[in-house]
file target05.pdb (PDB, C-alpha atoms and all ligand atoms)
MODEL        1
ATOM      1  CA  MET Z   1      56.976 -87.655  12.437  1.00  0.00           C
ATOM      2  CA  VAL Z   2      54.916 -84.471  12.280  1.00  0.00           C
ATOM      3  CA  LEU Z   3      56.592 -81.098  12.861  1.00  0.00           C
ATOM      4  CA  ARG Z   4      54.269 -78.773  14.807  1.00  0.00           C
ATOM      5  CA  LYS Z   5      54.645 -75.054  14.258  1.00  0.00           C
ATOM      6  CA  VAL Z   6      52.613 -72.481  16.175  1.00  0.00           C
ATOM      7  CA  TYR Z   7      51.003 -69.605  14.280  1.00  0.00           C
ATOM      8  CA  THR Z   8      48.816 -66.688  15.334  1.00  0.00           C
ATOM      9  CA  LEU Z   9      45.817 -65.196  13.560  1.00  0.00           C
ATOM     10  CA  VAL Z  10      44.198 -61.959  14.759  1.00  0.00           C
ATOM     11  CA  PHE Z  11      40.828 -60.613  13.665  1.00  0.00           C
ATOM     12  CA  VAL Z  12      40.036 -56.980  14.470  1.00  0.00           C
ATOM     13  CA  ARG Z  13      36.316 -56.137  14.731  1.00  0.00           C
ATOM     14  CA  LYS Z  14      34.478 -52.813  14.539  1.00  0.00           C
ATOM     15  CA  GLU Z  15      30.659 -52.786  14.793  1.00  0.00           C
ATOM     16  CA  ASN Z  16      29.502 -55.275  12.116  1.00  0.00           C
ATOM     17  CA  GLN Z  17      32.806 -55.134  10.231  1.00  0.00           C
ATOM     18  CA  ILE Z  18      35.959 -57.231  10.321  1.00  0.00           C
ATOM     19  CA  LEU Z  19      39.448 -56.200   9.222  1.00  0.00           C
ATOM     20  CA  LEU Z  20      41.048 -58.557   6.710  1.00  0.00           C
ATOM     21  CA  GLY Z  21      44.399 -58.287   4.973  1.00  0.00           C
ATOM     22  CA  TYR Z  22      45.160 -59.254   1.381  1.00  0.00           C
ATOM     23  CA  LYS Z  23      48.424 -61.241   1.549  1.00  0.00           C
ATOM     24  CA  LYS Z  24      50.721 -59.751  -1.105  1.00  0.00           C
ATOM     25  CA  ARG Z  25      53.491 -62.384  -0.887  1.00  0.00           C
ATOM     26  CA  GLY Z  26      54.629 -65.547   0.833  1.00  0.00           C
ATOM     27  CA  PHE Z  27      52.464 -68.242   2.364  1.00  0.00           C
ATOM     28  CA  GLY Z  28      48.749 -67.675   1.730  1.00  0.00           C
ATOM     29  CA  MET Z  29      49.530 -65.117  -0.975  1.00  0.00           C
ATOM     30  CA  ASN Z  30      46.529 -63.626  -2.819  1.00  0.00           C
ATOM     31  CA  LYS Z  31      44.118 -64.578  -0.056  1.00  0.00           C
ATOM     32  CA  TRP Z  32      42.274 -62.307   2.404  1.00  0.00           C
ATOM     33  CA  ASN Z  33      42.957 -63.407   5.977  1.00  0.00           C
ATOM     34  CA  GLY Z  34      43.436 -62.214   9.522  1.00  0.00           C
ATOM     35  CA  PHE Z  35      46.841 -60.921  10.561  1.00  0.00           C
ATOM     36  CA  GLY Z  36      49.475 -63.213  11.987  1.00  0.00           C
ATOM     37  CA  GLY Z  37      52.377 -65.499  11.427  1.00  0.00           C
ATOM     38  CA  LYS Z  38      54.968 -67.617  13.182  1.00  0.00           C
ATOM     39  CA  VAL Z  39      55.630 -67.494  16.907  1.00  0.00           C
ATOM     40  CA  GLU Z  40      59.361 -66.894  17.467  1.00  0.00           C
ATOM     41  CA  PRO Z  41      61.170 -69.138  20.007  1.00  0.00           C
ATOM     42  CA  ASN Z  42      61.706 -66.270  22.459  1.00  0.00           C
ATOM     43  CA  GLU Z  43      58.169 -64.903  22.585  1.00  0.00           C
ATOM     44  CA  SER Z  44      54.776 -65.827  23.972  1.00  0.00           C
ATOM     45  CA  ILE Z  45      51.907 -66.588  21.632  1.00  0.00           C
ATOM     46  CA  LEU Z  46      50.120 -63.400  22.717  1.00  0.00           C
ATOM     47  CA  ASP Z  47      53.241 -61.277  22.131  1.00  0.00           C
ATOM     48  CA  ALA Z  48      53.647 -62.851  18.693  1.00  0.00           C
ATOM     49  CA  ALA Z  49      50.012 -62.066  17.833  1.00  0.00           C
ATOM     50  CA  ILE Z  50      50.466 -58.426  18.836  1.00  0.00           C
ATOM     51  CA  ARG Z  51      53.798 -58.120  16.997  1.00  0.00           C
ATOM     52  CA  GLU Z  52      52.490 -59.652  13.762  1.00  0.00           C
ATOM     53  CA  LEU Z  53      49.363 -57.480  13.758  1.00  0.00           C
ATOM     54  CA  ASN Z  54      51.509 -54.379  14.172  1.00  0.00           C
ATOM     55  CA  GLU Z  55      54.045 -55.440  11.535  1.00  0.00           C
ATOM     56  CA  GLU Z  56      51.350 -56.349   8.998  1.00  0.00           C
ATOM     57  CA  CYS Z  57      48.934 -53.421   9.316  1.00  0.00           C
ATOM     58  CA  GLY Z  58      50.313 -50.977  11.883  1.00  0.00           C
ATOM     59  CA  LEU Z  59      47.612 -51.419  14.537  1.00  0.00           C
ATOM     60  CA  THR Z  60      48.564 -51.699  18.207  1.00  0.00           C
ATOM     61  CA  VAL Z  61      46.657 -53.869  20.666  1.00  0.00           C
ATOM     62  CA  GLU Z  62      47.199 -54.733  24.349  1.00  0.00           C
ATOM     63  CA  THR Z  63      47.532 -58.391  25.427  1.00  0.00           C
ATOM     64  CA  THR Z  64      44.552 -57.962  27.744  1.00  0.00           C
ATOM     65  CA  ASP Z  65      42.373 -56.871  24.792  1.00  0.00           C
ATOM     66  CA  LEU Z  66      42.952 -60.022  22.729  1.00  0.00           C
ATOM     67  CA  LYS Z  67      40.368 -62.771  23.211  1.00  0.00           C
ATOM     68  CA  ASN Z  68      41.491 -66.293  22.353  1.00  0.00           C
ATOM     69  CA  LEU Z  69      38.689 -67.741  20.232  1.00  0.00           C
ATOM     70  CA  ALA Z  70      40.067 -70.857  18.623  1.00  0.00           C
ATOM     71  CA  HIS Z  71      42.731 -73.493  18.322  1.00  0.00           C
ATOM     72  CA  LEU Z  72      42.937 -74.694  14.701  1.00  0.00           C
ATOM     73  CA  GLU Z  73      45.225 -77.461  13.448  1.00  0.00           C
ATOM     74  CA  PHE Z  74      46.076 -77.580   9.748  1.00  0.00           C
ATOM     75  CA  THR Z  75      47.763 -80.603   8.197  1.00  0.00           C
ATOM     76  CA  PHE Z  76      48.716 -81.259   4.600  1.00  0.00           C
ATOM     77  CA  THR Z  77      48.516 -84.730   3.106  1.00  0.00           C
ATOM     78  CA  GLY Z  78      51.983 -85.988   2.288  1.00  0.00           C
ATOM     79  CA  GLU Z  79      53.766 -83.303   4.304  1.00  0.00           C
ATOM     80  CA  PRO Z  80      55.117 -83.777   7.840  1.00  0.00           C
ATOM     81  CA  VAL Z  81      54.051 -80.291   9.028  1.00  0.00           C
ATOM     82  CA  MET Z  82      51.149 -79.386  11.278  1.00  0.00           C
ATOM     83  CA  MET Z  83      50.215 -75.708  11.620  1.00  0.00           C
ATOM     84  CA  ASP Z  84      48.973 -75.111  15.150  1.00  0.00           C
ATOM     85  CA  CYS Z  85      47.042 -71.867  14.690  1.00  0.00           C
ATOM     86  CA  ARG Z  86      45.813 -69.778  17.643  1.00  0.00           C
ATOM     87  CA  VAL Z  87      43.020 -67.422  16.658  1.00  0.00           C
ATOM     88  CA  PHE Z  88      42.365 -64.183  18.549  1.00  0.00           C
ATOM     89  CA  SER Z  89      39.944 -61.334  18.119  1.00  0.00           C
ATOM     90  CA  THR Z  90      39.603 -57.844  19.526  1.00  0.00           C
ATOM     91  CA  ASN Z  91      37.399 -54.799  19.087  1.00  0.00           C
ATOM     92  CA  ILE Z  92      39.801 -52.601  21.066  1.00  0.00           C
ATOM     93  CA  PHE Z  93      42.766 -51.284  19.095  1.00  0.00           C
ATOM     94  CA  ASN Z  94      44.819 -48.165  18.431  1.00  0.00           C
ATOM     95  CA  GLY Z  95      45.702 -46.611  15.100  1.00  0.00           C
ATOM     96  CA  THR Z  96      44.386 -46.846  11.554  1.00  0.00           C
ATOM     97  CA  PRO Z  97      45.236 -49.855   9.387  1.00  0.00           C
ATOM     98  CA  ILE Z  98      47.961 -49.122   6.845  1.00  0.00           C
ATOM     99  CA  GLU Z  99      49.176 -51.073   3.826  1.00  0.00           C
ATOM    100  CA  THR Z 100      52.547 -52.791   4.323  1.00  0.00           C
ATOM    101  CA  GLU Z 101      54.768 -54.873   2.073  1.00  0.00           C
ATOM    102  CA  GLU Z 102      52.977 -57.963   3.398  1.00  0.00           C
ATOM    103  CA  MET Z 103      49.358 -56.926   3.590  1.00  0.00           C
ATOM    104  CA  LEU Z 104      46.698 -54.654   2.114  1.00  0.00           C
ATOM    105  CA  PRO Z 105      44.131 -54.131   4.904  1.00  0.00           C
ATOM    106  CA  ARG Z 106      40.422 -53.541   4.286  1.00  0.00           C
ATOM    107  CA  TRP Z 107      37.251 -53.473   6.437  1.00  0.00           C
ATOM    108  CA  PHE Z 108      34.519 -55.900   5.344  1.00  0.00           C
ATOM    109  CA  GLN Z 109      30.886 -56.129   6.417  1.00  0.00           C
ATOM    110  CA  ILE Z 110      30.690 -59.517   8.142  1.00  0.00           C
ATOM    111  CA  ASP Z 111      27.825 -60.595   5.864  1.00  0.00           C
ATOM    112  CA  GLN Z 112      29.775 -59.704   2.705  1.00  0.00           C
ATOM    113  CA  LEU Z 113      33.042 -61.607   3.040  1.00  0.00           C
ATOM    114  CA  PRO Z 114      35.235 -62.520   0.035  1.00  0.00           C
ATOM    115  CA  PHE Z 115      35.197 -66.248   0.839  1.00  0.00           C
ATOM    116  CA  ASP Z 116      36.163 -67.124  -2.753  1.00  0.00           C
ATOM    117  CA  ASN Z 117      39.433 -65.307  -2.093  1.00  0.00           C
ATOM    118  CA  MET Z 118      40.042 -66.720   1.382  1.00  0.00           C
ATOM    119  CA  TRP Z 119      41.225 -70.061   2.730  1.00  0.00           C
ATOM    120  CA  PRO Z 120      38.490 -72.708   2.128  1.00  0.00           C
ATOM    121  CA  ASP Z 121      38.242 -73.558   5.839  1.00  0.00           C
ATOM    122  CA  ASP Z 122      37.139 -69.997   6.693  1.00  0.00           C
ATOM    123  CA  ARG Z 123      33.553 -70.454   5.538  1.00  0.00           C
ATOM    124  CA  ILE Z 124      33.404 -73.471   7.895  1.00  0.00           C
ATOM    125  CA  TRP Z 125      34.682 -71.799  11.064  1.00  0.00           C
ATOM    126  CA  PHE Z 126      33.904 -68.084  10.658  1.00  0.00           C
ATOM    127  CA  PRO Z 127      30.292 -68.672  11.851  1.00  0.00           C
ATOM    128  CA  TYR Z 128      31.738 -70.002  15.140  1.00  0.00           C
ATOM    129  CA  MET Z 129      33.952 -66.905  15.419  1.00  0.00           C
ATOM    130  CA  PHE Z 130      30.949 -64.610  14.826  1.00  0.00           C
ATOM    131  CA  LYS Z 131      29.063 -66.377  17.626  1.00  0.00           C
ATOM    132  CA  ASN Z 132      32.030 -65.459  19.831  1.00  0.00           C
ATOM    133  CA  LYS Z 133      32.204 -69.134  20.796  1.00  0.00           C
ATOM    134  CA  LEU Z 134      35.400 -70.914  21.768  1.00  0.00           C
ATOM    135  CA  PHE Z 135      36.072 -73.703  19.297  1.00  0.00           C
ATOM    136  CA  TYR Z 136      38.593 -76.304  18.182  1.00  0.00           C
ATOM    137  CA  GLY Z 137      39.044 -77.417  14.580  1.00  0.00           C
ATOM    138  CA  LYS Z 138      41.262 -79.804  12.628  1.00  0.00           C
ATOM    139  CA  PHE Z 139      41.524 -79.447   8.847  1.00  0.00           C
ATOM    140  CA  ASN Z 140      43.432 -81.822   6.583  1.00  0.00           C
ATOM    141  CA  PHE Z 141      44.381 -80.209   3.292  1.00  0.00           C
ATOM    142  CA  ASN Z 142      45.502 -81.533  -0.059  1.00  0.00           C
ATOM    143  CA  GLY Z 143      47.488 -78.540  -1.303  1.00  0.00           C
ATOM    144  CA  VAL Z 144      46.163 -75.094  -0.383  1.00  0.00           C
ATOM    145  CA  ASP Z 145      42.739 -75.283  -2.022  1.00  0.00           C
ATOM    146  CA  THR Z 146      41.215 -78.662  -1.087  1.00  0.00           C
ATOM    147  CA  ILE Z 147      40.031 -79.806   2.331  1.00  0.00           C
ATOM    148  CA  LEU Z 148      40.060 -83.620   2.444  1.00  0.00           C
ATOM    149  CA  ASN Z 149      38.434 -83.840   5.875  1.00  0.00           C
ATOM    150  CA  TYR Z 150      37.862 -81.779   8.971  1.00  0.00           C
ATOM    151  CA  LYS Z 151      36.268 -81.737  12.382  1.00  0.00           C
ATOM    152  CA  ILE Z 152      35.164 -78.779  14.458  1.00  0.00           C
ATOM    153  CA  ARG Z 153      33.583 -78.497  17.885  1.00  0.00           C
ATOM    154  CA  GLU Z 154      32.727 -75.776  20.350  1.00  0.00           C
ATOM    155  CA  LEU Z 155      34.609 -75.757  23.633  1.00  0.00           C
ATOM    156  CA  GLU Z 156      33.200 -74.571  26.913  1.00  0.00           C
ATOM    157  CA  SER Z 157      36.575 -73.295  28.122  1.00  0.00           C
ATOM    158  CA  MET Z 158      39.969 -73.356  26.395  1.00  0.00           C
TER     159      MET Z 158
HETATM  160  C1  LIG Z 201      46.315 -74.100   6.056  1.00  0.00           C
HETATM  161  C2  LIG Z 201      45.859 -72.768   6.581  1.00  0.00           C
HETATM  162  C3  LIG Z 201      46.803 -71.869   7.124  1.00  0.00           C
HETATM  163  C4  LIG Z 201      46.385 -70.640   7.629  1.00  0.00           C
HETATM  164  C5  LIG Z 201      47.346 -69.720   8.247  1.00  0.00           C
HETATM  165  C6  LIG Z 201      47.154 -68.901   9.365  1.00  0.00           C
HETATM  166  C7  LIG Z 201      48.342 -68.248   9.621  1.00  0.00           C
HETATM  167  C8  LIG Z 201      49.210 -68.653   8.663  1.00  0.00           C
HETATM  168  O1  LIG Z 201      48.590 -69.552   7.829  1.00  0.00           O
HETATM  169  C9  LIG Z 201      45.028 -70.302   7.539  1.00  0.00           C
HETATM  170  O2  LIG Z 201      44.378 -69.153   7.908  1.00  0.00           O
HETATM  171  C10 LIG Z 201      43.077 -69.377   7.606  1.00  0.00           C
HETATM  172  N1  LIG Z 201      42.119 -68.448   7.829  1.00  0.00           N
HETATM  173  N2  LIG Z 201      42.868 -70.589   7.070  1.00  0.00           N
HETATM  174  C11 LIG Z 201      44.108 -71.191   6.998  1.00  0.00           C
HETATM  175  C12 LIG Z 201      44.508 -72.435   6.503  1.00  0.00           C
ENDMDL
END
call {"tool": "encode", "arguments": {"input": "target05.pdb", "output": "structure tokens", "more": "lines below"}}
Ligand SMILES: Cc1cc(-c2ccco2)c2oc(N)nc2c1
result
Amino acid sequence: MVLRKVYTLVFVRKENQILLGYKKRGFGMNKWNGFGGKVEPNESILDAAIRELNEECGLTVETTDLKNLAHLEFTFTGEPVMMDCRVFSTNIFNGTPIETEEMLPRWFQIDQLPFDNMWPDDRIWFPYMFKNKLFYGKFNFNGVDTILNYKIRELESM
């Protein structure tokens, strides 16, 4: 019986740059990633995305500014969990990114990303994100570093 948990992931864009955070502790530690986390029982997915972004790097974004780009499902061989990850992006935001206990934020040129220090699936689906296409992906992991199999496809509408 698989336990599905919903997560958010927000990518902030500025010209040809993308804001990534270096996870200083917890799940995904020592990897650069978008900002996000668990959706609490009492909140919408959009509200969770906005809350996590603010908690992790201090930026504020409006719900209407977030564009839902992807639905990604992550499973782990031998574990009954499935991470149902909703990916959003925006180029409209308020504030300047600040370092928090969780995250060290940094702007990267989108053609110079630290993929060796990111989740292995990112190099597979980031090109879809940069085409601003809606897409759906399923990735089956063995541990945190090895993708056993995956599928990805563009969607016309979510
Ligand atoms: C297995 C996995 C999990 C996550 C994640 C998102 C939010 C919390 O964990 C990922 O994020 C990325 N970029 N790849 C990921 C793979």
call {"tool": "residues_around", "arguments": {"input": "target05.pdb", "residues": "stretch 68-75 of chain Z", "least_positions_apart": "6", "cutoff": "7 Å", "atoms": "only C-alpha atoms", "output": "list in words"}}
result
Val81, Met82, Met83, Asp84, Cys85, Arg86, Val87, Phe88, Ser89, Met129, Lys133, Leu134, Phe135, Tyr136, Gly137, Lys138, Phe139, Asn140 and Phe141 of chain Z
call {"tool": "residues_around", "arguments": {"input": "target05.pdb", "residues": "Z:Gly36", "least_positions_apart": "2", "cutoff": "7 Å", "atoms": "all atoms listed in the file", "output": "CSV table (one decimal) with C-alpha atoms, in the coordinates of the input"}}
result
chain,number,residue,atom,x,y,z
Z,7,TYR,CA,51.0,-69.6,14.3
Z,8,THR,CA,48.8,-66.7,15.3
Z,9,LEU,CA,45.8,-65.2,13.6
Z,10,VAL,CA,44.2,-62.0,14.8
Z,34,GLY,CA,43.4,-62.2,9.5
Z,49,ALA,CA,50.0,-62.1,17.8
Z,52,GLU,CA,52.5,-59.7,13.8
Z,53,LEU,CA,49.4,-57.5,13.8
call {"tool": "residues_around", "arguments": {"input": "target05.pdb", "residues": "Z:Thr100", "least_positions_apart": "5", "cutoff": "12 Å", "atoms": "only C-alpha atoms", "output": "list in words"}}
result
Gly21, Tyr22, Lys23, Lys24, Arg25, Phe35, Glu52, Leu53, Asn54, Glu55, Glu56, Cys57, Gly58, Leu59 and Pro105 of chain Z
call {"tool": "axis_aligned_box", "arguments": {"input": "target05.pdb", "around": "ligand LIG 201 (chain Z)", "padding_each_side": "8 Å", "output": "AutoDock Vina command-line options"}}
result
--center_x 45.7 --center_y -71.2 --center_z 7.8 --size_x 23.1 --size_y 21.9 --size_z 19.6
call {"tool": "closest_atom_pairs", "arguments": {"input": "target05.pdb", "of": "stretch 25-63 of chain Z", "to": "stretch 108-123 of chain Z", "cutoff": "8 Å", "atoms": "only C-alpha atoms", "output": "tab-separated table"}}
result
residue	atom	partner	partner_atom	distance
Z:Gly28	CA	Z:Trp119	CA	8.0
Z:Asn30	CA	Z:Asn117	CA	7.3
Z:Lys31	CA	Z:Met118	CA	4.8
Z:Trp32	CA	Z:Met118	CA	5.0
Z:Asn33	CA	Z:Met118	CA	6.4
call {"tool": "resolve_selection", "arguments": {"input": "target05.pdb", "expression": "the PyMOL selection byres (((chain Z and resi 15) around 12) and not hetatm)", "output": "VMD selection string"}}
result
chain Z and resid 12 to 14 16 to 19 90 to 92 107 to 110 130
call {"tool": "atom_distance", "arguments": {"input": "target05.pdb", "atom1": "atom CA of Z:Glu99", "atom2": "atom CA of Z:Gly26"}}
result
15.8 Å
call {"tool": "closest_residue", "arguments": {"input": "target05.pdb", "among": "Z:Ile98, Z:Ile152, Z:Val61, Z:Leu20", "to": "ligand LIG 201 (chain Z)", "atoms": "only C-alpha atoms and all ligand atoms"}}
result
Z:Leu20
call {"tool": "atom_distance", "arguments": {"input": "target05.pdb", "atom1": "atom CA of Z:Trp125", "atom2": "atom CA of Z:Lys5"}}
result
20.5 Å
call {"tool": "atom_distance", "arguments": {"input": "target05.pdb", "atom1": "atom CA of Z:Leu66", "atom2": "atom C1 of ligand LIG 201 (chain Z)"}}
result
22.1 Å
call {"tool": "closest_residue", "arguments": {"input": "target05.pdb", "among": "Z:Leu3, Z:Leu46, Z:Leu155, Z:Ile124", "to": "ligand LIG 201 (chain Z)", "atoms": "only C-alpha atoms and all ligand atoms"}}
result
Z:Ile124
call {"tool": "closest_residue", "arguments": {"input": "target05.pdb", "among": "Z:Val39, Z:Val144, Z:Met103, Z:Val2", "to": "ligand LIG 201 (chain Z)", "atoms": "all atoms listed in the file"}}
result
Z:Val144
call {"tool": "closest_residue", "arguments": {"input": "target05.pdb", "among": "Z:Gly143, Z:Gly37, Z:Pro127, Z:Pro97", "to": "ligand LIG 201 (chain Z)", "atoms": "all atoms listed in the file"}}
result
Z:Gly37
call {"tool": "closest_residue", "arguments": {"input": "target05.pdb", "among": "Z:Arg153, Z:Pro80, Z:Glu101, Z:Phe126", "to": "ligand LIG 201 (chain Z)", "atoms": "only C-alpha atoms and all ligand atoms"}}
result
Z:Phe126
call {"tool": "closest_residue", "arguments": {"input": "target05.pdb", "among": "Z:Leu104, Z:Glu43, Z:Thr96, Z:Leu148", "to": "ligand LIG 201 (chain Z)", "atoms": "all atoms listed in the file"}}
result
Z:Leu148
call {"tool": "build_atoms", "arguments": {"input": "target05.pdb", "residues": "stretch 54-64 of chain Z", "atoms": "all heavy atoms", "output": "PDB file, keeping the file's coordinate frame"}}
result
ATOM      1  N   ASN Z  54      50.889 -55.695  14.347  1.00  0.00           N
ATOM      2  CA  ASN Z  54      51.509 -54.379  14.172  1.00  0.00           C
ATOM      3  C   ASN Z  54      52.388 -54.343  12.919  1.00  0.00           C
ATOM      4  O   ASN Z  54      52.307 -53.393  12.124  1.00  0.00           O
ATOM      5  CB  ASN Z  54      52.323 -54.021  15.420  1.00  0.00           C
ATOM      6  CG  ASN Z  54      52.876 -52.612  15.330  1.00  0.00           C
ATOM      7  OD1 ASN Z  54      54.053 -52.435  15.089  1.00  0.00           O
ATOM      8  ND2 ASN Z  54      52.003 -51.625  15.473  1.00  0.00           N
ATOM      9  N   GLU Z  55      53.154 -55.394  12.709  1.00  0.00           N
ATOM     10  CA  GLU Z  55      54.045 -55.440  11.535  1.00  0.00           C
ATOM     11  C   GLU Z  55      53.229 -55.430  10.239  1.00  0.00           C
ATOM     12  O   GLU Z  55      53.615 -54.850   9.247  1.00  0.00           O
ATOM     13  CB  GLU Z  55      54.923 -56.696  11.559  1.00  0.00           C
ATOM     14  CG  GLU Z  55      56.078 -56.629  12.551  1.00  0.00           C
ATOM     15  CD  GLU Z  55      56.827 -57.963  12.667  1.00  0.00           C
ATOM     16  OE1 GLU Z  55      56.512 -58.910  11.892  1.00  0.00           O
ATOM     17  OE2 GLU Z  55      57.723 -58.058  13.531  1.00  0.00           O
ATOM     18  N   GLU Z  56      52.091 -56.124  10.239  1.00  0.00           N
ATOM     19  CA  GLU Z  56      51.350 -56.349   8.998  1.00  0.00           C
ATOM     20  C   GLU Z  56      50.359 -55.248   8.657  1.00  0.00           C
ATOM     21  O   GLU Z  56      50.005 -55.078   7.490  1.00  0.00           O
ATOM     22  CB  GLU Z  56      50.661 -57.713   9.018  1.00  0.00           C
ATOM     23  CG  GLU Z  56      51.652 -58.868   8.982  1.00  0.00           C
ATOM     24  CD  GLU Z  56      50.992 -60.227   8.856  1.00  0.00           C
ATOM     25  OE1 GLU Z  56      49.772 -60.327   9.102  1.00  0.00           O
ATOM     26  OE2 GLU Z  56      51.691 -61.202   8.512  1.00  0.00           O
ATOM     27  N   CYS Z  57      49.875 -54.498   9.678  1.00  0.00           N
ATOM     28  CA  CYS Z  57      48.934 -53.421   9.316  1.00  0.00           C
ATOM     29  C   CYS Z  57      49.023 -52.209  10.227  1.00  0.00           C
ATOM     30  O   CYS Z  57      48.185 -51.302  10.129  1.00  0.00           O
ATOM     31  CB  CYS Z  57      47.497 -53.945   9.270  1.00  0.00           C
ATOM     32  SG  CYS Z  57      46.758 -54.183  10.892  1.00  0.00           S
ATOM     33  N   GLY Z  58      50.033 -52.191  11.117  1.00  0.00           N
ATOM     34  CA  GLY Z  58      50.313 -50.977  11.883  1.00  0.00           C
ATOM     35  C   GLY Z  58      49.447 -50.743  13.108  1.00  0.00           C
ATOM     36  O   GLY Z  58      49.645 -49.777  13.841  1.00  0.00           O
ATOM     37  N   LEU Z  59      48.467 -51.624  13.353  1.00  0.00           N
ATOM     38  CA  LEU Z  59      47.612 -51.419  14.537  1.00  0.00           C
ATOM     39  C   LEU Z  59      48.341 -51.878  15.800  1.00  0.00           C
ATOM     40  O   LEU Z  59      49.166 -52.801  15.756  1.00  0.00           O
ATOM     41  CB  LEU Z  59      46.303 -52.206  14.398  1.00  0.00           C
ATOM     42  CG  LEU Z  59      45.325 -51.747  13.319  1.00  0.00           C
ATOM     43  CD1 LEU Z  59      44.045 -52.566  13.402  1.00  0.00           C
ATOM     44  CD2 LEU Z  59      45.025 -50.266  13.458  1.00  0.00           C
ATOM     45  N   THR Z  60      48.020 -51.239  16.923  1.00  0.00           N
ATOM     46  CA  THR Z  60      48.564 -51.699  18.207  1.00  0.00           C
ATOM     47  C   THR Z  60      47.407 -52.140  19.101  1.00  0.00           C
ATOM     48  O   THR Z  60      46.345 -51.515  19.126  1.00  0.00           O
ATOM     49  CB  THR Z  60      49.367 -50.580  18.925  1.00  0.00           C
ATOM     50  OG1 THR Z  60      48.548 -49.423  18.965  1.00  0.00           O
ATOM     51  CG2 THR Z  60      50.641 -50.278  18.197  1.00  0.00           C
ATOM     52  N   VAL Z  61      47.662 -53.266  19.788  1.00  0.00           N
ATOM     53  CA  VAL Z  61      46.657 -53.869  20.666  1.00  0.00           C
ATOM     54  C   VAL Z  61      47.363 -54.300  21.947  1.00  0.00           C
ATOM     55  O   VAL Z  61      48.548 -54.631  21.918  1.00  0.00           O
ATOM     56  CB  VAL Z  61      46.036 -55.104  19.947  1.00  0.00           C
ATOM     57  CG1 VAL Z  61      45.139 -55.881  20.880  1.00  0.00           C
ATOM     58  CG2 VAL Z  61      45.252 -54.673  18.717  1.00  0.00           C
ATOM     59  N   GLU Z  62      46.632 -54.262  23.070  1.00  0.00           N
ATOM     60  CA  GLU Z  62      47.199 -54.733  24.349  1.00  0.00           C
ATOM     61  C   GLU Z  62      46.892 -56.228  24.509  1.00  0.00           C
ATOM     62  O   GLU Z  62      45.839 -56.697  24.047  1.00  0.00           O
ATOM     63  CB  GLU Z  62      46.564 -53.974  25.518  1.00  0.00           C
ATOM     64  CG  GLU Z  62      46.660 -52.448  25.416  1.00  0.00           C
ATOM     65  CD  GLU Z  62      48.108 -51.960  25.498  1.00  0.00           C
ATOM     66  OE1 GLU Z  62      48.903 -52.591  26.225  1.00  0.00           O
ATOM     67  OE2 GLU Z  62      48.435 -50.994  24.794  1.00  0.00           O
ATOM     68  N   THR Z  63      47.752 -56.947  25.200  1.00  0.00           N
ATOM     69  CA  THR Z  63      47.532 -58.391  25.427  1.00  0.00           C
ATOM     70  C   THR Z  63      46.180 -58.620  26.098  1.00  0.00           C
ATOM     71  O   THR Z  63      45.465 -59.554  25.764  1.00  0.00           O
ATOM     72  CB  THR Z  63      48.630 -58.983  26.340  1.00  0.00           C
ATOM     73  OG1 THR Z  63      48.976 -58.032  27.333  1.00  0.00           O
ATOM     74  CG2 THR Z  63      49.853 -59.358  25.551  1.00  0.00           C
ATOM     75  N   THR Z  64      45.804 -57.736  26.999  1.00  0.00           N
ATOM     76  CA  THR Z  64      44.552 -57.962  27.744  1.00  0.00           C
ATOM     77  C   THR Z  64      43.330 -57.736  26.864  1.00  0.00           C
ATOM     78  O   THR Z  64      42.227 -58.126  27.226  1.00  0.00           O
ATOM     79  CB  THR Z  64      44.476 -56.998  28.953  1.00  0.00           C
ATOM     80  OG1 THR Z  64      44.785 -55.685  28.487  1.00  0.00           O
ATOM     81  CG2 THR Z  64      45.461 -57.409  30.028  1.00  0.00           C
TER      82      THR Z  64
END
